[in-house]
Amino acid sequence: MSARGYEGVVACCPVTEPYVRRSDHGAAWFLAAVLRRLCAAGGLAKAAIDGLCVSSFTLAPDTAVAFTQQVALSPRFLEWLPMGGACGVIALRRAARAVQAGDAEVVACLAGDTANATSFRDLLAGFSSFARDAVYPYGAGGPNASFALIADAYMRATGATRADFGKLAVAQRANAAGNPLALLREPLSLDQYLAARPIAEPLHLYDCVMPCAGADGFLVMAEDRARRLGLPGVRILGAIERHDAFPDDPVQLRGGWAVDRDALWAQAGLAPRDMQVVQTYDDYPVISMLQFEGLGLCAPGAGPSFVRDNDFTIAGTLPHNTGGGQLSQGQAGAAGGYLPVVEALRQVLGQADGRQVADARRALVSGFGMINYDRGLCSAAVVLGRAGV
Amino acid sequence: MSAGARGRMSAGARMIRLQRCAACGTAQYPPRAFCHHCLSDRIGWEEADALPGRVLARTSLHHTHEPRFRAHLPITLALVRFDAGPVAVCFLTGTAAPGDAVRVRRNEDDLLEAA
Ligand SMILES: [Zn+2]
């Protein structure tokens, strides 16, 4: 049975608490800052928010539940979404369903994390029971080690080269030049990319994101509610999620998008060629290539030729990670899963000052999260369209 | 594993152990309290001096998040698929490349080492 659509619901008010390299503030400070920004952007009293989705790694030991008391909010719909790089797409999807069902009228979706000298290491050491027991003791490479193994297998299977990965990283850095929120805006050349020091071969410095602190958020509400509030909104034309797809694959050369992409495009009534903007979860460029393949932008295994055939800058054939992605904006923990959503909302709303893609009516957003052991378990995607298009 | 448990096991120390479900025969790694396939909790262990497998992918770590590993960089790791089925992250010694057959042992730190 095909899933119901997401008619009658819009996402609006993408906001960001600017990323910083390190912070003395806790995660709750960042989440509260985004909530404050959402109230201001929506022209809403805090009490008008009756639904809440929260994602954070460094909020521990607290969860979304504790956060409600910290900010004195009384939602009747509450989601705690520990899906890492897929949490933004999944929050949007869950929030939209809650609004459709009448379980909430206005849902605030938030993700954010702090970063200090020890927070990242502490997070990695205890990331999951499998990671703690069967990955981290092997040199404590963190996600770099796990994704290096995936990248090595992908390169052998597809013929991808470092220059292919580099093309994505270099294009994203060029896009970041127009984004005042990006932490890394100085130009990056392919030669610089190729000459960078190795981190976990075949991954080198510019394949890896820079951990930082920050937060992102957006609102989800009924389309007529947004209209009454005078808020421009973005429609959800299709959305999917999948967890632990293909458990029998010995090494991850595909994510769960392959299971659900036909349902996604059928629900949207659109095809990849109808997208003016694509945002992927770029913890490493190789993972963006898995998303191109998984979502049908190219055939399985054809990621390298797809990269060679396209220009991923703002004015290119396929504007991709138009704010610079995590590779240039930084990875603010769980906010990394929101960043592709927030950037796509800005593009479709025409609010991407300095990096606006011309006529960006529709966008594809993809999420990928949680390398529990040897692979990322959560995959999700959403097709967004400007209301009225 | 506690120091006491390590002592009690010293006779069989450095044997590599892989879980196998007594109900359906599925092998699995990392260990857990139930069979991922049939969900039975009748889990047995197979022990051997070394287990055969094949390298799926390899990496050399030039960066670590733990000071205790810094002196050992670069550290070479492999993703190894045991012939019995499961996949494990292992230290890799020697020159085995992806596609090559290896044997996986348990080292003195209780960690897997492929060669
Ligand atoms: Zn079983």
# chains A, B, ... in the order shown; residues from 1 in each chain; ligands from 1
>>> interface_residues(of="chain B", to="chain A", cutoff="7 Å", atoms="only C-alpha atoms", output="list in words")
Pro30, Leu56, Ala57, Arg58, Thr59, Ser60, Leu61, His62, His63, Thr64, His65, Glu66, Phe69, Ile75, Leu79, Val87, Val89 and Phe91 of chain B
>>> residues_near_ligand(ligand="ligand 1", cutoff="8 Å", atoms="only C-alpha atoms and all ligand atoms", output="compact mmCIF listing (two decimals) with C-alpha atoms, in the first residue's frame")
# COMPACT_ATOMS: atom_id res chain seq x y z
CA ARG B 20 26.88 -19.36 16.65
CA CYS B 21 23.17 -19.78 17.29
CA ALA B 22 22.27 -23.24 18.62
CA ALA B 23 18.78 -22.92 17.20
CA CYS B 24 19.41 -21.89 13.59
CA GLY B 25 23.17 -22.10 13.10
CA THR B 26 23.72 -18.44 12.18
CA PHE B 34 20.49 -13.31 21.15
CA CYS B 35 20.61 -14.48 17.54
CA HIS B 36 20.05 -11.57 15.12
CA HIS B 37 18.43 -13.96 12.63
CA CYS B 38 15.93 -16.07 14.63
CA LEU B 39 16.06 -14.12 17.95
CA SER B 40 16.77 -17.26 19.98
CA ASP B 41 18.91 -16.70 23.07
CA ARG B 42 20.51 -20.16 22.75
CA ILE B 43 23.89 -18.79 21.70
>>> residues_around(residues="Ala344 (chain A)", least_positions_apart="2", cutoff="7 Å", atoms="only C-alpha atoms", output="VMD selection string")
chain A and resid 279 340 to 342 346 to 348 363 365
>>> select_by_dssp(residues="chain B", states="alpha helix (DSSP H)", output="JSON list (two decimals) with N, CA, C and O atoms, in the first residue's frame")
[["chain", "number", "residue", "atom", "x", "y", "z"],
["B", 3, "ALA", "N", 39.20, -8.57, 35.10],
["B", 3, "ALA", "CA", 40.50, -9.22, 35.29],
["B", 3, "ALA", "C", 40.29, -10.64, 35.77],
["B", 3, "ALA", "O", 41.01, -11.56, 35.36],
["B", 4, "GLY", "N", 39.29, -10.83, 36.64],
["B", 4, "GLY", "CA", 39.03, -12.18, 37.14],
["B", 4, "GLY", "C", 38.64, -13.12, 36.02],
["B", 4, "GLY", "O", 39.15, -14.24, 35.91],
["B", 5, "ALA", "N", 37.75, -12.66, 35.17],
["B", 5, "ALA", "CA", 37.30, -13.49, 34.06],
["B", 5, "ALA", "C", 38.48, -13.80, 33.14],
["B", 5, "ALA", "O", 38.63, -14.92, 32.63],
["B", 6, "ARG", "N", 39.34, -12.79, 32.96],
["B", 6, "ARG", "CA", 40.49, -13.01, 32.09],
["B", 6, "ARG", "C", 41.38, -14.11, 32.68],
["B", 6, "ARG", "O", 41.86, -14.99, 31.98],
["B", 7, "GLY", "N", 41.56, -14.07, 34.03],
["B", 7, "GLY", "CA", 42.39, -15.08, 34.68],
["B", 7, "GLY", "C", 41.80, -16.47, 34.54],
["B", 7, "GLY", "O", 42.50, -17.41, 34.19],
["B", 8, "ARG", "N", 40.51, -16.57, 34.77],
["B", 8, "ARG", "CA", 39.86, -17.88, 34.69],
["B", 8, "ARG", "C", 39.97, -18.46, 33.28],
["B", 8, "ARG", "O", 39.95, -19.67, 33.10]]
>>> closest_residue(among="B:Ala27, B:Val80, B:Leu18, B:Leu73", to="Pro98 (chain B)", atoms="only C-alpha atoms")
B:Val80
>>> atom_distance(atom1="CA of Gln252 (chain A)", atom2="CA of Asp282 (chain A)")
15.7 Å
>>> residues_around(residues="Cys90 (chain B)", least_positions_apart="5", cutoff="6 Å", atoms="only C-alpha atoms", output="JSON, numbers by chain")
{"B": [77, 78, 112, 113]}
>>> closest_residue(among="A:Val383, A:Met275, A:Leu73, A:Val99", to="Ala45 (chain A)", atoms="only C-alpha atoms")
A:Leu73
>>> atom_distance(atom1="CA of Gly354 (chain A)", atom2="CA of Thr322 (chain A)")
10.3 Å
>>> residues_around(residues="Val220 (chain A)", least_positions_apart="6", cutoff="12 Å", atoms="only C-alpha atoms", output="PyMOL selection string")
chain A and resi 6+8-14+38+42+49-53+91-100+104-110+226+231-236+345
>>> write_last_selection(atoms="N, CA and C atoms", output="compact mmCIF listing (two decimals), in the first residue's frame")
# COMPACT_ATOMS: atom_id res chain seq x y z
N TYR A 6 1.62 14.25 1.89
CA TYR A 6 1.79 15.21 3.00
C TYR A 6 1.05 16.51 2.72
N GLY A 8 -1.27 19.68 2.63
CA GLY A 8 -1.83 20.58 3.65
C GLY A 8 -0.84 21.01 4.72
N VAL A 9 0.40 20.56 4.59
CA VAL A 9 1.40 20.89 5.61
C VAL A 9 2.56 21.63 4.95
N VAL A 10 3.14 22.58 5.66
CA VAL A 10 4.34 23.25 5.15
C VAL A 10 5.40 23.33 6.24
N ALA A 11 6.63 23.43 5.77
CA ALA A 11 7.76 23.76 6.65
C ALA A 11 8.11 25.21 6.41
N CYS A 12 8.43 25.94 7.45
CA CYS A 12 8.82 27.34 7.29
C CYS A 12 9.87 27.74 8.32
N CYS A 13 10.35 28.95 8.15
CA CYS A 13 11.25 29.59 9.11
C CYS A 13 12.52 28.80 9.40
N PRO A 14 13.32 28.48 8.39
CA PRO A 14 14.62 27.88 8.69
C PRO A 14 15.49 28.85 9.47
N LEU A 38 13.11 30.63 16.39
CA LEU A 38 11.90 30.16 15.71
C LEU A 38 10.69 30.98 16.14
N GLY A 42 8.70 33.16 13.42
CA GLY A 42 7.31 32.80 13.16
C GLY A 42 6.32 33.80 13.72
N ILE A 49 3.56 26.87 20.46
CA ILE A 49 4.23 25.67 19.97
C ILE A 49 3.72 24.48 20.78
N ASP A 50 2.98 23.59 20.12
CA ASP A 50 2.42 22.44 20.85
C ASP A 50 3.01 21.11 20.38
N GLY A 51 4.05 21.20 19.54
CA GLY A 51 4.77 19.99 19.12
C GLY A 51 6.25 20.29 19.08
N LEU A 52 7.07 19.30 19.42
CA LEU A 52 8.51 19.53 19.51
C LEU A 52 9.26 18.28 19.07
N CYS A 53 10.23 18.46 18.17
CA CYS A 53 11.17 17.40 17.81
C CYS A 53 12.57 17.88 18.18
N ALA A 91 12.64 14.33 11.30
CA ALA A 91 11.85 15.27 12.10
C ALA A 91 10.77 15.93 11.24
N LEU A 92 11.15 16.34 10.05
CA LEU A 92 10.20 16.99 9.14
C LEU A 92 9.03 16.05 8.84
N ARG A 93 9.37 14.82 8.57
CA ARG A 93 8.38 13.80 8.23
C ARG A 93 7.43 13.54 9.41
N ARG A 94 8.00 13.32 10.60
CA ARG A 94 7.17 13.02 11.78
C ARG A 94 6.30 14.23 12.12
N ALA A 95 6.90 15.41 12.06
CA ALA A 95 6.15 16.62 12.41
C ALA A 95 4.98 16.82 11.45
N ALA A 96 5.23 16.57 10.16
CA ALA A 96 4.17 16.75 9.17
C ALA A 96 3.02 15.78 9.43
N ARG A 97 3.35 14.55 9.79
CA ARG A 97 2.30 13.57 10.10
C ARG A 97 1.50 14.01 11.33
N ALA A 98 2.19 14.53 12.33
CA ALA A 98 1.49 14.98 13.55
C ALA A 98 0.51 16.11 13.23
N VAL A 99 0.94 17.02 12.36
CA VAL A 99 0.06 18.13 11.98
C VAL A 99 -1.12 17.61 11.17
N GLN A 100 -0.85 16.71 10.24
CA GLN A 100 -1.94 16.14 9.44
C GLN A 100 -2.97 15.43 10.32
N ALA A 104 -0.79 17.90 16.63
CA ALA A 104 -0.11 19.15 16.97
C ALA A 104 -0.47 20.17 15.90
N GLU A 105 -0.42 21.44 16.27
CA GLU A 105 -0.70 22.51 15.29
C GLU A 105 0.57 23.16 14.79
N VAL A 106 1.49 23.42 15.72
CA VAL A 106 2.75 24.05 15.35
C VAL A 106 3.88 23.24 15.99
N VAL A 107 4.70 22.63 15.14
CA VAL A 107 5.80 21.80 15.64
C VAL A 107 7.12 22.54 15.41
N ALA A 108 7.88 22.71 16.49
CA ALA A 108 9.24 23.25 16.39
C ALA A 108 10.20 22.07 16.31
N CYS A 109 11.03 22.07 15.27
CA CYS A 109 12.02 21.01 15.07
C CYS A 109 13.40 21.61 15.32
N LEU A 110 14.15 21.02 16.22
CA LEU A 110 15.44 21.57 16.65
C LEU A 110 16.51 20.48 16.68
N ALA A 226 0.08 28.77 8.31
CA ALA A 226 1.23 29.56 7.87
C ALA A 226 0.76 30.79 7.09
N LEU A 231 3.56 33.56 6.80
CA LEU A 231 4.85 32.88 6.66
C LEU A 231 4.91 32.11 5.35
N PRO A 232 5.89 32.41 4.50
CA PRO A 232 6.06 31.59 3.30
C PRO A 232 6.47 30.17 3.70
N GLY A 233 5.89 29.20 3.00
CA GLY A 233 6.13 27.81 3.38
C GLY A 233 6.58 26.95 2.21
N VAL A 234 7.09 25.79 2.58
CA VAL A 234 7.58 24.82 1.60
C VAL A 234 6.81 23.52 1.81
N ARG A 235 6.31 22.97 0.71
CA ARG A 235 5.53 21.74 0.79
C ARG A 235 6.43 20.51 0.76
N ILE A 236 5.93 19.46 1.40
CA ILE A 236 6.61 18.16 1.38
C ILE A 236 5.92 17.33 0.29
N LEU A 345 15.37 24.50 2.49
CA LEU A 345 14.25 25.40 2.75
C LEU A 345 14.61 26.83 2.35
>>> residues_around(residues="Ala263 (chain A)", least_positions_apart="6", cutoff="10 Å", atoms="only C-alpha atoms", output="list in words")
Ser2, Ala3, Gly238, Ala239, Ile240, Trp257 and Gly269 of chain A
>>> residues_around(residues="Gln326 (chain A)", least_positions_apart="2", cutoff="12 Å", atoms="only C-alpha atoms", output="PDB file with C-alpha atoms, in the first residue's frame")
ATOM      1  CA  TYR A  19      28.254  27.576  14.278  1.00  0.00           C
ATOM      2  CA  GLY A  85      22.567  12.644   9.928  1.00  0.00           C
ATOM      3  CA  LEU A 168      32.589  17.559  -4.631  1.00  0.00           C
ATOM      4  CA  ALA A 169      34.627  19.052  -1.776  1.00  0.00           C
ATOM      5  CA  GLN A 172      31.129  22.880  -1.877  1.00  0.00           C
ATOM      6  CA  ARG A 173      33.900  25.182  -0.743  1.00  0.00           C
ATOM      7  CA  ASN A 175      29.478  27.454  -2.662  1.00  0.00           C
ATOM      8  CA  ALA A 176      30.413  28.274   0.934  1.00  0.00           C
ATOM      9  CA  LEU A 181      27.258  30.893   8.232  1.00  0.00           C
ATOM     10  CA  ALA A 182      30.028  28.627   6.865  1.00  0.00           C
ATOM     11  CA  LEU A 183      33.086  28.297   9.108  1.00  0.00           C
ATOM     12  CA  LEU A 184      35.385  27.418   6.183  1.00  0.00           C
ATOM     13  CA  ARG A 185      35.119  29.922   3.346  1.00  0.00           C
ATOM     14  CA  TYR A 206      39.438  17.752   3.177  1.00  0.00           C
ATOM     15  CA  ASP A 207      37.309  14.601   3.090  1.00  0.00           C
ATOM     16  CA  CYS A 208      36.574  15.069   6.776  1.00  0.00           C
ATOM     17  CA  VAL A 209      34.202  17.471   8.484  1.00  0.00           C
ATOM     18  CA  MET A 210      35.300  19.809  11.247  1.00  0.00           C
ATOM     19  CA  PRO A 211      33.386  19.198  14.486  1.00  0.00           C
ATOM     20  CA  CYS A 212      31.870  22.387  15.875  1.00  0.00           C
ATOM     21  CA  GLY A 214      25.776  25.138  16.682  1.00  0.00           C
ATOM     22  CA  GLN A 279      21.331  18.614  -0.556  1.00  0.00           C
ATOM     23  CA  THR A 280      23.004  15.445   0.678  1.00  0.00           C
ATOM     24  CA  TYR A 281      24.485  14.471   4.013  1.00  0.00           C
ATOM     25  CA  ASP A 282      28.167  14.969   3.315  1.00  0.00           C
ATOM     26  CA  ASP A 283      30.042  13.687   6.309  1.00  0.00           C
ATOM     27  CA  TYR A 284      32.399  12.458   3.577  1.00  0.00           C
ATOM     28  CA  PRO A 285      32.126  13.000  -0.191  1.00  0.00           C
ATOM     29  CA  SER A 288      27.182  11.970  -1.086  1.00  0.00           C
ATOM     30  CA  HIS A 320      24.622  20.552  -4.579  1.00  0.00           C
ATOM     31  CA  ASN A 321      25.180  21.376  -0.903  1.00  0.00           C
ATOM     32  CA  THR A 322      24.731  24.969  -1.812  1.00  0.00           C
ATOM     33  CA  GLY A 323      25.687  26.410   1.568  1.00  0.00           C
ATOM     34  CA  GLY A 324      28.957  24.501   1.548  1.00  0.00           C
ATOM     35  CA  SER A 328      32.653  23.727   4.648  1.00  0.00           C
ATOM     36  CA  GLN A 329      30.072  24.796   7.233  1.00  0.00           C
ATOM     37  CA  GLY A 330      31.245  22.441   9.993  1.00  0.00           C
ATOM     38  CA  GLN A 331      29.500  19.543  11.683  1.00  0.00           C
ATOM     39  CA  ALA A 332      27.584  20.728  14.719  1.00  0.00           C
ATOM     40  CA  GLY A 333      26.713  17.236  15.904  1.00  0.00           C
ATOM     41  CA  ALA A 334      23.085  16.380  15.281  1.00  0.00           C
ATOM     42  CA  ALA A 335      22.583  19.731  13.559  1.00  0.00           C
ATOM     43  CA  GLY A 336      24.505  18.154  10.689  1.00  0.00           C
ATOM     44  CA  GLY A 337      21.347  16.185  10.007  1.00  0.00           C
ATOM     45  CA  TYR A 338      19.322  19.404   9.898  1.00  0.00           C
ATOM     46  CA  LEU A 339      21.719  21.393   7.772  1.00  0.00           C
ATOM     47  CA  PRO A 340      20.640  19.886   4.416  1.00  0.00           C
ATOM     48  CA  GLU A 343      19.619  24.956   3.398  1.00  0.00           C
TER      49      GLU A 343
END
>>> closest_residue(among="A:Cys87, A:Ala41, A:Ala387, A:Leu349", to="Gly367 (chain A)", atoms="only C-alpha atoms")
A:Cys87
>>> closest_residue(among="A:Phe30, A:Leu59, A:Pro75, A:Leu290", to="Lys46 (chain A)", atoms="only C-alpha atoms")
A:Pro75
>>> atom_distance(atom1="CA of Arg362 (chain A)", atom2="CA of Asp274 (chain A)")
7.3 Å
>>> decode(residues="region 236-276 of chain A", atoms="N, CA and C atoms", output="CSV table (one decimal), in the first residue's frame")
chain,number,residue,atom,x,y,z
A,236,ILE,N,5.9,19.5,1.4
A,236,ILE,CA,6.6,18.2,1.4
A,236,ILE,C,5.9,17.3,0.3
A,237,LEU,N,6.6,17.1,-0.8
A,237,LEU,CA,6.0,16.4,-1.9
A,237,LEU,C,6.2,14.9,-1.8
A,238,GLY,N,7.2,14.5,-1.1
A,238,GLY,CA,7.4,13.0,-0.8
A,238,GLY,C,8.4,12.9,0.2
A,239,ALA,N,8.4,11.8,1.0
A,239,ALA,CA,9.4,11.6,2.0
A,239,ALA,C,9.5,10.1,2.3
A,240,ILE,N,10.7,9.7,2.6
A,240,ILE,CA,10.9,8.3,3.0
A,240,ILE,C,11.9,8.2,4.1
A,241,GLU,N,11.9,7.1,4.8
A,241,GLU,CA,13.0,6.7,5.7
A,241,GLU,C,13.1,5.2,5.8
A,242,ARG,N,14.3,4.7,6.1
A,242,ARG,CA,14.6,3.3,6.2
A,242,ARG,C,15.8,3.1,7.2
A,243,HIS,N,15.7,2.0,7.9
A,243,HIS,CA,16.8,1.8,8.9
A,243,HIS,C,17.3,0.4,8.7
A,244,ASP,N,18.6,0.2,8.8
A,244,ASP,CA,19.3,-1.0,8.7
A,244,ASP,C,18.9,-1.8,7.4
A,245,ALA,N,18.9,-1.1,6.3
A,245,ALA,CA,18.6,-1.7,5.0
A,245,ALA,C,19.8,-2.6,4.6
A,246,PHE,N,19.5,-3.7,3.9
A,246,PHE,CA,20.5,-4.6,3.3
A,246,PHE,C,21.5,-5.1,4.4
A,247,PRO,N,21.0,-5.7,5.5
A,247,PRO,CA,21.9,-6.1,6.6
A,247,PRO,C,22.8,-7.2,6.1
A,248,ASP,N,22.5,-7.9,5.0
A,248,ASP,CA,23.4,-8.9,4.6
A,248,ASP,C,24.5,-8.4,3.6
A,249,ASP,N,24.5,-7.2,3.2
A,249,ASP,CA,25.6,-6.7,2.4
A,249,ASP,C,26.9,-6.7,3.3
A,250,PRO,N,28.0,-7.3,2.8
A,250,PRO,CA,29.2,-7.4,3.7
A,250,PRO,C,29.8,-6.1,4.0
A,251,VAL,N,29.7,-5.2,3.0
A,251,VAL,CA,30.3,-3.8,3.2
A,251,VAL,C,29.3,-2.9,2.6
A,252,GLN,N,29.1,-1.7,3.2
A,252,GLN,CA,28.1,-0.8,2.7
A,252,GLN,C,28.5,0.0,1.5
A,253,LEU,N,27.9,-0.5,0.4
A,253,LEU,CA,28.0,0.2,-0.9
A,253,LEU,C,26.7,0.8,-1.3
A,254,ARG,N,25.7,0.7,-0.5
A,254,ARG,CA,24.4,1.3,-0.7
A,254,ARG,C,23.7,1.5,0.6
A,255,GLY,N,22.8,2.5,0.6
A,255,GLY,CA,22.0,2.8,1.8
A,255,GLY,C,20.6,2.4,1.5
A,256,GLY,N,19.7,2.8,2.5
A,256,GLY,CA,18.3,2.4,2.4
A,256,GLY,C,17.5,3.1,1.3
A,257,TRP,N,18.1,4.1,0.7
A,257,TRP,CA,17.3,4.9,-0.3
A,257,TRP,C,16.9,4.0,-1.5
A,258,ALA,N,17.8,3.0,-1.8
A,258,ALA,CA,17.5,2.1,-2.9
A,258,ALA,C,16.2,1.3,-2.7
A,259,VAL,N,15.8,1.1,-1.4
A,259,VAL,CA,14.6,0.3,-1.2
A,259,VAL,C,13.4,1.2,-1.5
A,260,ASP,N,13.5,2.5,-1.2
A,260,ASP,CA,12.3,3.4,-1.1
A,260,ASP,C,12.3,4.5,-2.2
A,261,ARG,N,13.3,4.6,-3.0
A,261,ARG,CA,13.3,5.7,-3.9
A,261,ARG,C,12.2,5.7,-4.9
A,262,ASP,N,11.8,4.6,-5.4
A,262,ASP,CA,10.7,4.6,-6.3
A,262,ASP,C,9.4,5.1,-5.7
A,263,ALA,N,9.2,4.7,-4.4
A,263,ALA,CA,8.0,5.2,-3.7
A,263,ALA,C,8.2,6.7,-3.5
A,264,LEU,N,9.4,7.2,-3.2
A,264,LEU,CA,9.6,8.7,-3.0
A,264,LEU,C,9.2,9.4,-4.3
A,265,TRP,N,9.7,9.0,-5.4
A,265,TRP,CA,9.5,9.8,-6.7
A,265,TRP,C,8.0,9.6,-7.1
A,266,ALA,N,7.5,8.4,-6.9
A,266,ALA,CA,6.0,8.2,-7.2
A,266,ALA,C,5.2,9.1,-6.3
A,267,GLN,N,5.5,9.2,-5.1
A,267,GLN,CA,4.7,10.1,-4.2
A,267,GLN,C,4.8,11.5,-4.6
A,268,ALA,N,6.0,11.9,-5.0
A,268,ALA,CA,6.2,13.3,-5.4
A,268,ALA,C,5.6,13.6,-6.8
A,269,GLY,N,5.4,12.5,-7.6
A,269,GLY,CA,5.0,12.7,-9.0
A,269,GLY,C,6.1,13.4,-9.8
A,270,LEU,N,7.3,13.2,-9.4
A,270,LEU,CA,8.5,13.9,-10.0
A,270,LEU,C,9.6,13.0,-10.2
A,271,ALA,N,10.7,13.5,-10.9
A,271,ALA,CA,11.9,12.7,-11.1
A,271,ALA,C,13.1,13.5,-10.7
A,272,PRO,N,14.2,12.8,-10.6
A,272,PRO,CA,15.4,13.6,-10.2
A,272,PRO,C,15.7,14.8,-11.1
A,273,ARG,N,15.4,14.7,-12.4
A,273,ARG,CA,15.7,15.8,-13.3
A,273,ARG,C,14.8,17.1,-13.0
A,274,ASP,N,13.7,16.9,-12.2
A,274,ASP,CA,12.9,18.0,-11.8
A,274,ASP,C,13.4,18.8,-10.7
A,275,MET,N,14.5,18.4,-10.1
A,275,MET,CA,15.1,19.1,-8.9
A,275,MET,C,16.0,20.2,-9.4
A,276,GLN,N,15.9,21.4,-8.8
A,276,GLN,CA,16.8,22.5,-9.1
A,276,GLN,C,18.0,22.5,-8.1
